[in-house]
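A.B. asks: I'd like to ask you about the structure that follows.
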Amino acid sequence: MKHFFLFALLVCITASTQAQNFSTIVNELSQNLNTVTNSKEETTQTVTELQPGVLQIEVITTDIKSGKASEKVYEFNMADIDVNTVKAYSDKDIILVQLLASKKQDLIKNTEDREKISYQDAVEFSATDINNGRKLEELFKQLIPIATEITEKRLSHSGYEQQVQWLEKNIGVVALIDRQYNQSIVSNPNYPGRLELKIDEVTSKKTESNAYHFNLANINPNSLVFEIDKDVSVVNLETRRKLDAVKTFSDGVQENYSSDFVIYCESVEQARDVQKVLKEAILLSAKKIENTIPTINSIGDGLQVVNNYVAKVTINDTSYEQNFEGDCVVTFSKLTTDPKNVTQEEFVFNFKDLNKNVVKYSTKGKNIMIDFQTIGKNDFLKNIEDGEQQNYTDEFSVELSEIEDAIVLENVFKQIIELCENKEVRLSNSKAELVNQLSSEIKRVDDGKYRYDQTFTSEDNTKFQFKSIEISDKSSTEEIYEGNFKDLNPISIVFETSSKSVYVTVSTNYMEKIIQYYEDGEIENYQDTFEIQAANIENARMIATLLKKIVEMK
């Protein structure tokens, strides 16, 4: 800590010394920047130090014949001038001193007759003779390295809070010739890292109000550039991966999420400072939002956190009432209400079936959501809409109010999935008990189109009989499969879905046709595969798990 204060003190002393050196040279420049007369006009030049490193030079040119005068006021940071381009040269009957901005950037502000503002990459000043021109050239060159050091060391904040306070204080009104930007930026204490920018563009004819809510952790620091947009300095901001993560409002009404916006500045210097402070704040903001992410120790705790965030979400005139109920196997209900429709959706699923690597938040139009997809894109999500079952699906989404909520819940959902992945299913080590449990799991199933009366029996726990009667409104078919557990391939035992149905597929080793098959009491050809219908995904999962363990037992 002692070393830090010594370093800070040294920085302050150095900055103060450089500022004094700059002022001393500006005073000498003022004494040498004289009134110059040639055959056509008289030019009066006055230099002012706006702040350490920054000059304002007023040039009033008067036509000798007509007496008509014009005024130009140049404002620029000497750090932006390419030292290799500063030179005095003759142009007909006058000596000029040229200054060019580095990389030909339009960083020199020019206000003409207080009526027009433009930015340019070069400026020239008049000298009384070549000796005066050389002196001006020398003084300008002396100012450049001093201004560069001053600019680089300007604005040293000790932490995130100080950086945000500076932004709140310094982003404000920008007044131009024909319009004015009334800006305010504030931090939102409810969402760490969140800043809310409001911009009212005022002209003689109208006022447009826009607002941008964004989290600094989502802003790409490499996107921060200050530039000139016609007659005004701006700082451009863009989100990481160009994700539409900026919540926008127009006249108080939420609009589509966006990936970029600008902050208006009254000068190049302010734009430079805003850019620097924003970049520093971005680097510290990620830790702020990380600290809001809870550690989940149980499924119940995790779902309680989730429900607190998603229970009621309103976007303009559309509302979403959402709820998760259950443990690892949950029912997610989502009631969507807009002026034209009310839609009730339900998704029944097991968290362990979700791919945690693709759990991500996204935006679409005015909505922000977390998107989920099953592992392998398997249709393992039971979908019910307005009370009627739809086909099984592989994806769904949860609506949220704010980006920060989505960032937190994205992490919470991943923790829940991991807890469910690690949740063990304890099964008996007794083959007889496993067969009895399997028999109780295989039962009548009705998928709306067919009813399946199913039984699974085994007299000696080595051989089995699976009987299924498929019943529809018009007919029924009885199928019987008889075989040995040892002939079944455990790898082949998987559960699948088709439309609204769930079933377990079972095949023999090497796909040998050695399962005896009967249809409506008649002996048919031997089979290598049969299917067991299940009531739901969890029923199918348990049937597959039990059967696989039985087959693997010696």
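The way I read the labels, and the way they are meant: chains A, B, ... in the order of the structure tokens, residue 1 as the first residue of every chain, and ligand 1 as the first ligand shown, with later ones counted on from there.
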Per DSSP on the backbone, filter region 81-279 of chain A down to the residues in alpha helix (DSSP H) and report them as a count of residues only.
C.D. replies: 47
A.B. asks: With the cut-off set at 10 Å and counting only C-alpha atoms, tabulate each residue of region 274-301 of chain A with an atom at most that distance from an atom of region 211-233 of chain A, showing the nearest atom pair and its distance in Å to one decimal, ordered by chain and increasing number, as JSON lines.
C.D. replies:
{"residue": "A:Val274", "atom": "CA", "partner": "A:Phe226", "partner_atom": "CA", "distance": 8.7}
{"residue": "A:Gln275", "atom": "CA", "partner": "A:Leu224", "partner_atom": "CA", "distance": 6.2}
{"residue": "A:Lys276", "atom": "CA", "partner": "A:Leu224", "partner_atom": "CA", "distance": 8.7}
{"residue": "A:Leu278", "atom": "CA", "partner": "A:Pro221", "partner_atom": "CA", "distance": 8.0}
{"residue": "A:Lys279", "atom": "CA", "partner": "A:Pro221", "partner_atom": "CA", "distance": 5.5}
{"residue": "A:Glu280", "atom": "CA", "partner": "A:Pro221", "partner_atom": "CA", "distance": 8.6}
{"residue": "A:Ala281", "atom": "CA", "partner": "A:Leu216", "partner_atom": "CA", "distance": 7.3}
{"residue": "A:Ile282", "atom": "CA", "partner": "A:Leu216", "partner_atom": "CA", "distance": 5.2}
{"residue": "A:Leu283", "atom": "CA", "partner": "A:Ala217", "partner_atom": "CA", "distance": 7.7}
{"residue": "A:Leu284", "atom": "CA", "partner": "A:Ala217", "partner_atom": "CA", "distance": 8.2}
{"residue": "A:Ser285", "atom": "CA", "partner": "A:Ala217", "partner_atom": "CA", "distance": 5.3}
{"residue": "A:Ala286", "atom": "CA", "partner": "A:Ala217", "partner_atom": "CA", "distance": 5.0}
{"residue": "A:Lys287", "atom": "CA", "partner": "A:Ala217", "partner_atom": "CA", "distance": 8.6}
{"residue": "A:Lys288", "atom": "CA", "partner": "A:Ala217", "partner_atom": "CA", "distance": 8.7}
{"residue": "A:Ile289", "atom": "CA", "partner": "A:Ala217", "partner_atom": "CA", "distance": 7.8}
{"residue": "A:Glu290", "atom": "CA", "partner": "A:Ala217", "partner_atom": "CA", "distance": 9.8}
A.B. asks: Using only C-alpha atoms for the distances, tell me which of A:Tyr503, A:Tyr481, A:Phe140, A:Phe466 is nearest to Met542 (chain A).
C.D. replies: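 Of A:Tyr503, A:Tyr481, A:Phe140, A:Phe466, the one nearest Met542 (chain A) is A:Tyr503, counting only C-alpha atoms.
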A.B. asks: Taking only C-alpha atoms into account, which of A:Gln390, A:Thr374, A:Thr343, A:Ser362 comes nearest Val246 (chain A)?
C.D. replies: A:Ser362
A.B. asks: Would you list, as a ChimeraX atom specification, the residues of region 236-327 of chain A that end up in strand (DSSP E) under DSSP run on this structure's backbone?
C.D. replies: /A:236-238,247-250,253-254,260-265,312-315,318-326
A.B. asks: For the interface of region 193-248 of chain A with region 167-183 of chain A (cut-off 7 Å, counting only C-alpha atoms), please tabulate each contacting residue of region 193-248 of chain A alongside its nearest pair of atoms and their separation in Å to one decimal, rows sorted by chain and increasing number, as a Markdown table.
C.D. replies:
| residue | atom | partner | partner_atom | distance |
| --- | --- | --- | --- | --- |
| A:Lys198 | CA | A:Gln183 | CA | 5.6 |
| A:Ile199 | CA | A:Gln183 | CA | 4.5 |
| A:Asp200 | CA | A:Asn182 | CA | 5.0 |
| A:Glu201 | CA | A:Tyr181 | CA | 4.7 |
| A:Val202 | CA | A:Gln180 | CA | 5.2 |
| A:Thr203 | CA | A:Arg179 | CA | 4.7 |
A.B. asks: Just N, CA and C atoms for this one: save the residues we selected as a PDB file, in the first residue's frame.
C.D. replies:
ATOM      1  N   LYS A 198     -29.803   7.801 -21.315  1.00  0.00           N
ATOM      2  CA  LYS A 198     -30.959   8.454 -21.931  1.00  0.00           C
ATOM      3  C   LYS A 198     -30.466   9.608 -22.792  1.00  0.00           C
ATOM      4  N   ILE A 199     -30.983   9.696 -24.013  1.00  0.00           N
ATOM      5  CA  ILE A 199     -30.589  10.757 -24.941  1.00  0.00           C
ATOM      6  C   ILE A 199     -31.839  11.416 -25.512  1.00  0.00           C
ATOM      7  N   ASP A 200     -31.998  12.703 -25.263  1.00  0.00           N
ATOM      8  CA  ASP A 200     -33.061  13.494 -25.885  1.00  0.00           C
ATOM      9  C   ASP A 200     -32.415  14.377 -26.951  1.00  0.00           C
ATOM     10  N   GLU A 201     -32.768  14.144 -28.196  1.00  0.00           N
ATOM     11  CA  GLU A 201     -32.265  14.983 -29.284  1.00  0.00           C
ATOM     12  C   GLU A 201     -33.280  16.088 -29.543  1.00  0.00           C
ATOM     13  N   VAL A 202     -32.858  17.319 -29.307  1.00  0.00           N
ATOM     14  CA  VAL A 202     -33.771  18.460 -29.374  1.00  0.00           C
ATOM     15  C   VAL A 202     -33.398  19.353 -30.550  1.00  0.00           C
ATOM     16  N   THR A 203     -34.365  19.611 -31.419  1.00  0.00           N
ATOM     17  CA  THR A 203     -34.193  20.579 -32.501  1.00  0.00           C
ATOM     18  C   THR A 203     -35.297  21.625 -32.369  1.00  0.00           C
TER      19      THR A 203
END
A.B. asks: Find the residues of region 50-116 of chain A that sit at most 9 Å from region 28-45 of chain A; for each, write down the nearest two atoms and how far apart they are in Å, to one decimal. Count only C-alpha atoms. Sort by chain, then by number going up, and give it as JSON lines.
C.D. replies:
{"residue": "A:Ile57", "atom": "CA", "partner": "A:Gln45", "partner_atom": "CA", "distance": 6.8}
{"residue": "A:Glu58", "atom": "CA", "partner": "A:Gln45", "partner_atom": "CA", "distance": 5.7}
{"residue": "A:Val59", "atom": "CA", "partner": "A:Gln45", "partner_atom": "CA", "distance": 4.6}
{"residue": "A:Ile60", "atom": "CA", "partner": "A:Thr44", "partner_atom": "CA", "distance": 5.2}
{"residue": "A:Thr61", "atom": "CA", "partner": "A:Thr43", "partner_atom": "CA", "distance": 4.5}
{"residue": "A:Thr62", "atom": "CA", "partner": "A:Glu42", "partner_atom": "CA", "distance": 5.2}
{"residue": "A:Asp63", "atom": "CA", "partner": "A:Glu41", "partner_atom": "CA", "distance": 4.6}
{"residue": "A:Ile64", "atom": "CA", "partner": "A:Glu41", "partner_atom": "CA", "distance": 5.0}
{"residue": "A:Lys65", "atom": "CA", "partner": "A:Lys40", "partner_atom": "CA", "distance": 7.5}
{"residue": "A:Gly67", "atom": "CA", "partner": "A:Glu41", "partner_atom": "CA", "distance": 8.9}
{"residue": "A:Asp93", "atom": "CA", "partner": "A:Asn38", "partner_atom": "CA", "distance": 6.5}
{"residue": "A:Ile94", "atom": "CA", "partner": "A:Asn38", "partner_atom": "CA", "distance": 6.5}
A.B. asks: Do a neighbour search on region 326-342 of chain A at 10 Å with only C-alpha atoms, toss out local chain neighbours closer than 3 positions, and write the hits as a VMD selection string.
C.D. replies: chain A and resid 298 to 300 302 to 303 310 to 323 345 to 353 381 to 386 396 to 399 416 to 417 419 to 421 423 537 to 538
A.B. asks: Neighbours of Ile491 (chain A) within 9 Å (only C-alpha atoms; same-chain residues fewer than 3 positions away dropped), as a list in words?
C.D. replies: Leu488, Val494, Val506, Ser507 and Lys548 of chain A
A.B. asks: Write out the residues from the selection above, keeping C-alpha atoms, as an mmCIF file, in the first residue's frame.
C.D. replies:
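Okay, out.cif is ready:
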data_model
loop_
_atom_site.group_PDB
_atom_site.id
_atom_site.type_symbol
_atom_site.label_atom_id
_atom_site.label_comp_id
_atom_site.auth_asym_id
_atom_site.auth_seq_id
_atom_site.Cartn_x
_atom_site.Cartn_y
_atom_site.Cartn_z
ATOM 1 C CA LEU A 488 -30.422 -59.411 -25.713
ATOM 2 C CA VAL A 494 -32.675 -47.453 -25.779
ATOM 3 C CA VAL A 506 -34.735 -53.988 -27.684
ATOM 4 C CA SER A 507 -32.600 -56.055 -30.081
ATOM 5 C CA LYS A 548 -30.186 -53.293 -19.377
#
A.B. asks: Tell me which of A:Glu531, A:Glu238, A:Glu459, A:Glu152 sits closest to Ile442 (chain A), counting only C-alpha atoms.
C.D. replies: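 Nearest to Ile442 (chain A): A:Glu531.
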A.B. asks: Find the distance between CA of Asp405 (chain A) and CA of Asn236 (chain A) and write it in Å to one decimal.
C.D. replies: 25.3 Å
A.B. asks: Which residues come within 12 Å of Tyr510 (chain A), counting only C-alpha atoms, excluding same-chain residues fewer than 2 positions away, as an mmCIF file with all heavy atoms, in the first residue's frame?
C.D. replies:
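To be explicit, this is the file written out as part-v3.cif:
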data_model
loop_
_atom_site.group_PDB
_atom_site.id
_atom_site.type_symbol
_atom_site.label_atom_id
_atom_site.label_comp_id
_atom_site.auth_asym_id
_atom_site.auth_seq_id
_atom_site.Cartn_x
_atom_site.Cartn_y
_atom_site.Cartn_z
ATOM 1 N N ASP A 487 -29.661 -63.345 -24.576
ATOM 2 C CA ASP A 487 -29.572 -63.111 -26.018
ATOM 3 C C ASP A 487 -29.788 -61.641 -26.404
ATOM 4 O O ASP A 487 -29.657 -61.287 -27.586
ATOM 5 C CB ASP A 487 -30.595 -63.972 -26.754
ATOM 6 C CG ASP A 487 -30.251 -65.453 -26.688
ATOM 7 O OD1 ASP A 487 -29.050 -65.773 -26.685
ATOM 8 O OD2 ASP A 487 -31.192 -66.276 -26.627
ATOM 9 N N LEU A 488 -30.154 -60.829 -25.417
ATOM 10 C CA LEU A 488 -30.422 -59.411 -25.713
ATOM 11 C C LEU A 488 -29.138 -58.593 -25.618
ATOM 12 O O LEU A 488 -28.293 -58.823 -24.749
ATOM 13 C CB LEU A 488 -31.462 -58.860 -24.737
ATOM 14 C CG LEU A 488 -32.824 -59.569 -24.737
ATOM 15 C CD1 LEU A 488 -33.757 -58.904 -23.730
ATOM 16 C CD2 LEU A 488 -33.457 -59.584 -26.120
ATOM 17 N N ASN A 489 -29.004 -57.662 -26.522
ATOM 18 C CA ASN A 489 -27.831 -56.775 -26.564
ATOM 19 C C ASN A 489 -28.092 -55.552 -25.685
ATOM 20 O O ASN A 489 -28.956 -54.740 -26.014
ATOM 21 C CB ASN A 489 -27.564 -56.342 -28.008
ATOM 22 C CG ASN A 489 -26.325 -55.466 -28.122
ATOM 23 O OD1 ASN A 489 -25.696 -55.114 -27.132
ATOM 24 N ND2 ASN A 489 -25.977 -55.122 -29.351
ATOM 25 N N PRO A 490 -27.373 -55.382 -24.580
ATOM 26 C CA PRO A 490 -27.653 -54.257 -23.668
ATOM 27 C C PRO A 490 -27.456 -52.894 -24.333
ATOM 28 O O PRO A 490 -28.131 -51.922 -23.994
ATOM 29 C CB PRO A 490 -26.668 -54.468 -22.520
ATOM 30 C CG PRO A 490 -25.587 -55.340 -23.081
ATOM 31 C CD PRO A 490 -26.259 -56.211 -24.100
ATOM 32 N N ILE A 491 -26.525 -52.851 -25.286
ATOM 33 C CA ILE A 491 -26.277 -51.574 -25.967
ATOM 34 C C ILE A 491 -27.479 -51.161 -26.817
ATOM 35 O O ILE A 491 -27.736 -49.973 -27.039
ATOM 36 C CB ILE A 491 -25.010 -51.682 -26.831
ATOM 37 C CG1 ILE A 491 -23.795 -51.963 -25.954
ATOM 38 C CG2 ILE A 491 -24.790 -50.400 -27.641
ATOM 39 C CD1 ILE A 491 -22.516 -52.190 -26.731
ATOM 40 N N SER A 492 -28.239 -52.136 -27.269
ATOM 41 C CA SER A 492 -29.384 -51.849 -28.148
ATOM 42 C C SER A 492 -30.592 -51.335 -27.382
ATOM 43 O O SER A 492 -31.544 -50.841 -27.991
ATOM 44 C CB SER A 492 -29.784 -53.113 -28.909
ATOM 45 O OG SER A 492 -30.492 -54.015 -28.053
ATOM 46 N N SER A 507 -33.061 -55.193 -28.996
ATOM 47 C CA SER A 507 -32.600 -56.055 -30.081
ATOM 48 C C SER A 507 -31.693 -57.152 -29.538
ATOM 49 O O SER A 507 -31.133 -57.046 -28.438
ATOM 50 C CB SER A 507 -31.833 -55.240 -31.133
ATOM 51 O OG SER A 507 -32.650 -54.244 -31.710
ATOM 52 N N THR A 508 -31.531 -58.202 -30.334
ATOM 53 C CA THR A 508 -30.678 -59.311 -29.935
ATOM 54 C C THR A 508 -29.226 -59.022 -30.276
ATOM 55 O O THR A 508 -28.910 -58.105 -31.048
ATOM 56 C CB THR A 508 -31.102 -60.603 -30.666
ATOM 57 O OG1 THR A 508 -30.965 -60.394 -32.074
ATOM 58 C CG2 THR A 508 -32.528 -60.981 -30.339
ATOM 59 N N GLU A 512 -29.460 -61.337 -34.337
ATOM 60 C CA GLU A 512 -29.904 -62.691 -34.689
ATOM 61 C C GLU A 512 -31.419 -62.804 -34.533
ATOM 62 O O GLU A 512 -31.972 -62.343 -33.530
ATOM 63 C CB GLU A 512 -29.243 -63.724 -33.780
ATOM 64 C CG GLU A 512 -27.792 -63.984 -34.070
ATOM 65 C CD GLU A 512 -27.272 -65.146 -33.244
ATOM 66 O OE1 GLU A 512 -26.973 -64.928 -32.057
ATOM 67 O OE2 GLU A 512 -27.170 -66.261 -33.794
ATOM 68 N N LYS A 513 -32.076 -63.433 -35.466
ATOM 69 C CA LYS A 513 -33.525 -63.610 -35.387
ATOM 70 C C LYS A 513 -33.813 -64.871 -34.571
ATOM 71 O O LYS A 513 -34.058 -65.952 -35.105
ATOM 72 C CB LYS A 513 -34.118 -63.721 -36.788
ATOM 73 C CG LYS A 513 -33.967 -62.443 -37.606
ATOM 74 C CD LYS A 513 -34.680 -62.553 -38.937
ATOM 75 C CE LYS A 513 -34.493 -61.295 -39.761
ATOM 76 N NZ LYS A 513 -35.126 -60.121 -39.153
ATOM 77 N N ILE A 514 -33.785 -64.700 -33.229
ATOM 78 C CA ILE A 514 -33.951 -65.847 -32.320
ATOM 79 C C ILE A 514 -35.025 -65.595 -31.265
ATOM 80 O O ILE A 514 -35.140 -66.357 -30.306
ATOM 81 C CB ILE A 514 -32.614 -66.204 -31.645
ATOM 82 C CG1 ILE A 514 -32.019 -64.974 -30.937
ATOM 83 C CG2 ILE A 514 -31.624 -66.765 -32.652
ATOM 84 C CD1 ILE A 514 -30.739 -65.280 -30.166
ATOM 85 N N ASP A 528 -35.694 -60.235 -34.411
ATOM 86 C CA ASP A 528 -34.472 -59.778 -33.747
ATOM 87 C C ASP A 528 -34.698 -58.512 -32.913
ATOM 88 O O ASP A 528 -33.793 -58.050 -32.217
ATOM 89 C CB ASP A 528 -33.359 -59.523 -34.773
ATOM 90 C CG ASP A 528 -33.764 -58.505 -35.830
ATOM 91 O OD1 ASP A 528 -34.762 -57.778 -35.642
ATOM 92 O OD2 ASP A 528 -33.081 -58.429 -36.877
ATOM 93 N N THR A 529 -35.914 -57.934 -33.005
ATOM 94 C CA THR A 529 -36.197 -56.661 -32.328
ATOM 95 C C THR A 529 -37.654 -56.642 -31.866
ATOM 96 O O THR A 529 -38.528 -57.206 -32.536
ATOM 97 C CB THR A 529 -35.958 -55.471 -33.278
ATOM 98 O OG1 THR A 529 -34.616 -55.501 -33.742
ATOM 99 C CG2 THR A 529 -36.204 -54.141 -32.579
#
A.B. asks: What does the structure give for the distance between CA of Ile146 (chain A) and CA of Gln18 (chain A), in Å to one decimal?
C.D. replies: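 That distance, rounded to one decimal, is 6.3 Å.
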A.B. asks: List the neighbours of region 100-110 of chain A out to 12 Å using only C-alpha atoms; skip same-chain residues closer than 5 positions along the sequence, and give me the result as a ChimeraX atom specification.
C.D. replies: /A:54-59,71-87,115-125,140-141,144,226-234,266-269,271-272
A.B. asks: If you measure from CA of Thr292 (chain A) to CA of Ile375 (chain A), what distance in Å do you get, rounded to one decimal?
C.D. replies: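 CA of Ile375 (chain A) lies 28.3 Å from CA of Thr292 (chain A).
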A.B. asks: For a quick check of understanding, using only C-alpha atoms, which of A:Arg194, A:Lys68, A:Lys486, A:Lys500 has the smallest distance to Glu388 (chain A)?
C.D. replies: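 The closest residue to Glu388 (chain A) is A:Lys500.
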A.B. asks: Using only C-alpha atoms, determine which residues lie at most 9 Å from Met369 (chain A), disregarding the query and same-chain residues fewer than 2 positions distant; provide the list as a ChimeraX atom specification.
C.D. replies: /A:360-364,367,371,397-401,403,406
A.B. asks: Can I get the selection written as a short mmCIF file (atom, residue, chain, number, x, y, z; two decimals), in the first residue's frame, with all heavy atoms?
C.D. replies:
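Final file, again-v1.cif:
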data_model
loop_
_atom_site.label_atom_id
_atom_site.label_comp_id
_atom_site.auth_asym_id
_atom_site.auth_seq_id
_atom_site.Cartn_x
_atom_site.Cartn_y
_atom_site.Cartn_z
N LYS A 360 -27.94 -21.07 -23.40
CA LYS A 360 -27.48 -19.71 -23.63
C LYS A 360 -28.66 -18.76 -23.71
O LYS A 360 -29.75 -19.15 -24.13
CB LYS A 360 -26.66 -19.61 -24.92
CG LYS A 360 -25.36 -20.40 -24.89
CD LYS A 360 -24.53 -20.12 -26.11
CE LYS A 360 -23.24 -20.93 -26.10
NZ LYS A 360 -22.39 -20.61 -24.95
N TYR A 361 -28.41 -17.52 -23.31
CA TYR A 361 -29.47 -16.52 -23.48
C TYR A 361 -29.33 -15.87 -24.85
O TYR A 361 -28.25 -15.80 -25.43
CB TYR A 361 -29.44 -15.48 -22.35
CG TYR A 361 -28.28 -14.52 -22.37
CD1 TYR A 361 -28.32 -13.35 -23.13
CD2 TYR A 361 -27.14 -14.76 -21.60
CE1 TYR A 361 -27.25 -12.46 -23.13
CE2 TYR A 361 -26.08 -13.88 -21.59
CZ TYR A 361 -26.14 -12.73 -22.36
OH TYR A 361 -25.09 -11.85 -22.36
N SER A 362 -30.45 -15.43 -25.37
CA SER A 362 -30.47 -14.78 -26.67
C SER A 362 -31.58 -13.74 -26.66
O SER A 362 -32.38 -13.68 -25.73
CB SER A 362 -30.70 -15.79 -27.79
OG SER A 362 -31.98 -16.39 -27.67
N THR A 363 -31.61 -12.93 -27.68
CA THR A 363 -32.70 -11.96 -27.83
C THR A 363 -33.33 -12.11 -29.20
O THR A 363 -32.68 -12.51 -30.16
CB THR A 363 -32.19 -10.51 -27.66
OG1 THR A 363 -31.20 -10.25 -28.66
CG2 THR A 363 -31.62 -10.28 -26.28
N LYS A 364 -34.59 -11.79 -29.24
CA LYS A 364 -35.32 -11.80 -30.51
C LYS A 364 -36.34 -10.67 -30.44
O LYS A 364 -37.29 -10.73 -29.66
CB LYS A 364 -36.02 -13.14 -30.73
CG LYS A 364 -36.72 -13.24 -32.07
CD LYS A 364 -37.34 -14.61 -32.26
CE LYS A 364 -38.02 -14.73 -33.63
NZ LYS A 364 -38.65 -16.07 -33.82
N ASN A 367 -37.75 -9.42 -27.00
CA ASN A 367 -37.71 -10.46 -25.99
C ASN A 367 -36.29 -10.94 -25.71
O ASN A 367 -35.46 -11.04 -26.61
CB ASN A 367 -38.55 -11.67 -26.43
CG ASN A 367 -40.03 -11.36 -26.44
OD1 ASN A 367 -40.48 -10.37 -27.02
ND2 ASN A 367 -40.81 -12.19 -25.79
N ASP A 371 -32.44 -20.24 -24.04
CA ASP A 371 -32.81 -21.33 -24.93
C ASP A 371 -32.23 -22.65 -24.42
O ASP A 371 -31.07 -22.70 -23.99
CB ASP A 371 -32.29 -21.05 -26.35
CG ASP A 371 -32.83 -19.75 -26.91
OD1 ASP A 371 -34.05 -19.57 -26.86
OD2 ASP A 371 -32.03 -18.93 -27.40
N SER A 397 -37.89 -22.47 -24.59
CA SER A 397 -37.21 -21.25 -24.10
C SER A 397 -37.98 -20.67 -22.92
O SER A 397 -39.19 -20.87 -22.78
CB SER A 397 -37.08 -20.21 -25.21
OG SER A 397 -38.35 -19.82 -25.68
N VAL A 398 -37.25 -19.93 -22.09
CA VAL A 398 -37.81 -19.26 -20.92
C VAL A 398 -37.65 -17.76 -21.11
O VAL A 398 -36.55 -17.29 -21.43
CB VAL A 398 -37.09 -19.72 -19.63
CG1 VAL A 398 -37.64 -18.97 -18.42
CG2 VAL A 398 -37.25 -21.22 -19.43
N GLU A 399 -38.71 -17.01 -20.93
CA GLU A 399 -38.68 -15.56 -21.12
C GLU A 399 -38.14 -14.88 -19.85
O GLU A 399 -38.39 -15.33 -18.73
CB GLU A 399 -40.08 -15.01 -21.41
CG GLU A 399 -40.78 -15.68 -22.58
CD GLU A 399 -40.17 -15.35 -23.92
OE1 GLU A 399 -39.53 -14.29 -24.03
OE2 GLU A 399 -40.34 -16.15 -24.85
N LEU A 400 -37.43 -13.76 -20.05
CA LEU A 400 -36.87 -13.02 -18.93
C LEU A 400 -37.05 -11.52 -19.15
O LEU A 400 -37.30 -11.07 -20.27
CB LEU A 400 -35.39 -13.34 -18.75
CG LEU A 400 -35.11 -14.78 -18.30
CD1 LEU A 400 -33.67 -15.16 -18.59
CD2 LEU A 400 -35.40 -14.95 -16.83
N SER A 401 -36.90 -10.78 -18.06
CA SER A 401 -37.11 -9.33 -18.13
C SER A 401 -35.85 -8.56 -18.50
O SER A 401 -35.90 -7.56 -19.20
CB SER A 401 -37.65 -8.80 -16.79
OG SER A 401 -38.90 -9.35 -16.49
N ILE A 403 -31.34 -8.56 -19.20
CA ILE A 403 -30.12 -9.27 -19.58
C ILE A 403 -29.42 -9.84 -18.34
O ILE A 403 -28.94 -10.97 -18.34
CB ILE A 403 -29.16 -8.33 -20.33
CG1 ILE A 403 -29.66 -8.10 -21.76
CG2 ILE A 403 -27.74 -8.88 -20.34
CD1 ILE A 403 -29.47 -9.27 -22.70
N ALA A 406 -30.85 -12.97 -17.19
CA ALA A 406 -30.48 -14.07 -18.08
C ALA A 406 -29.06 -14.56 -17.80
O ALA A 406 -28.80 -15.77 -17.82
CB ALA A 406 -30.61 -13.62 -19.54
#
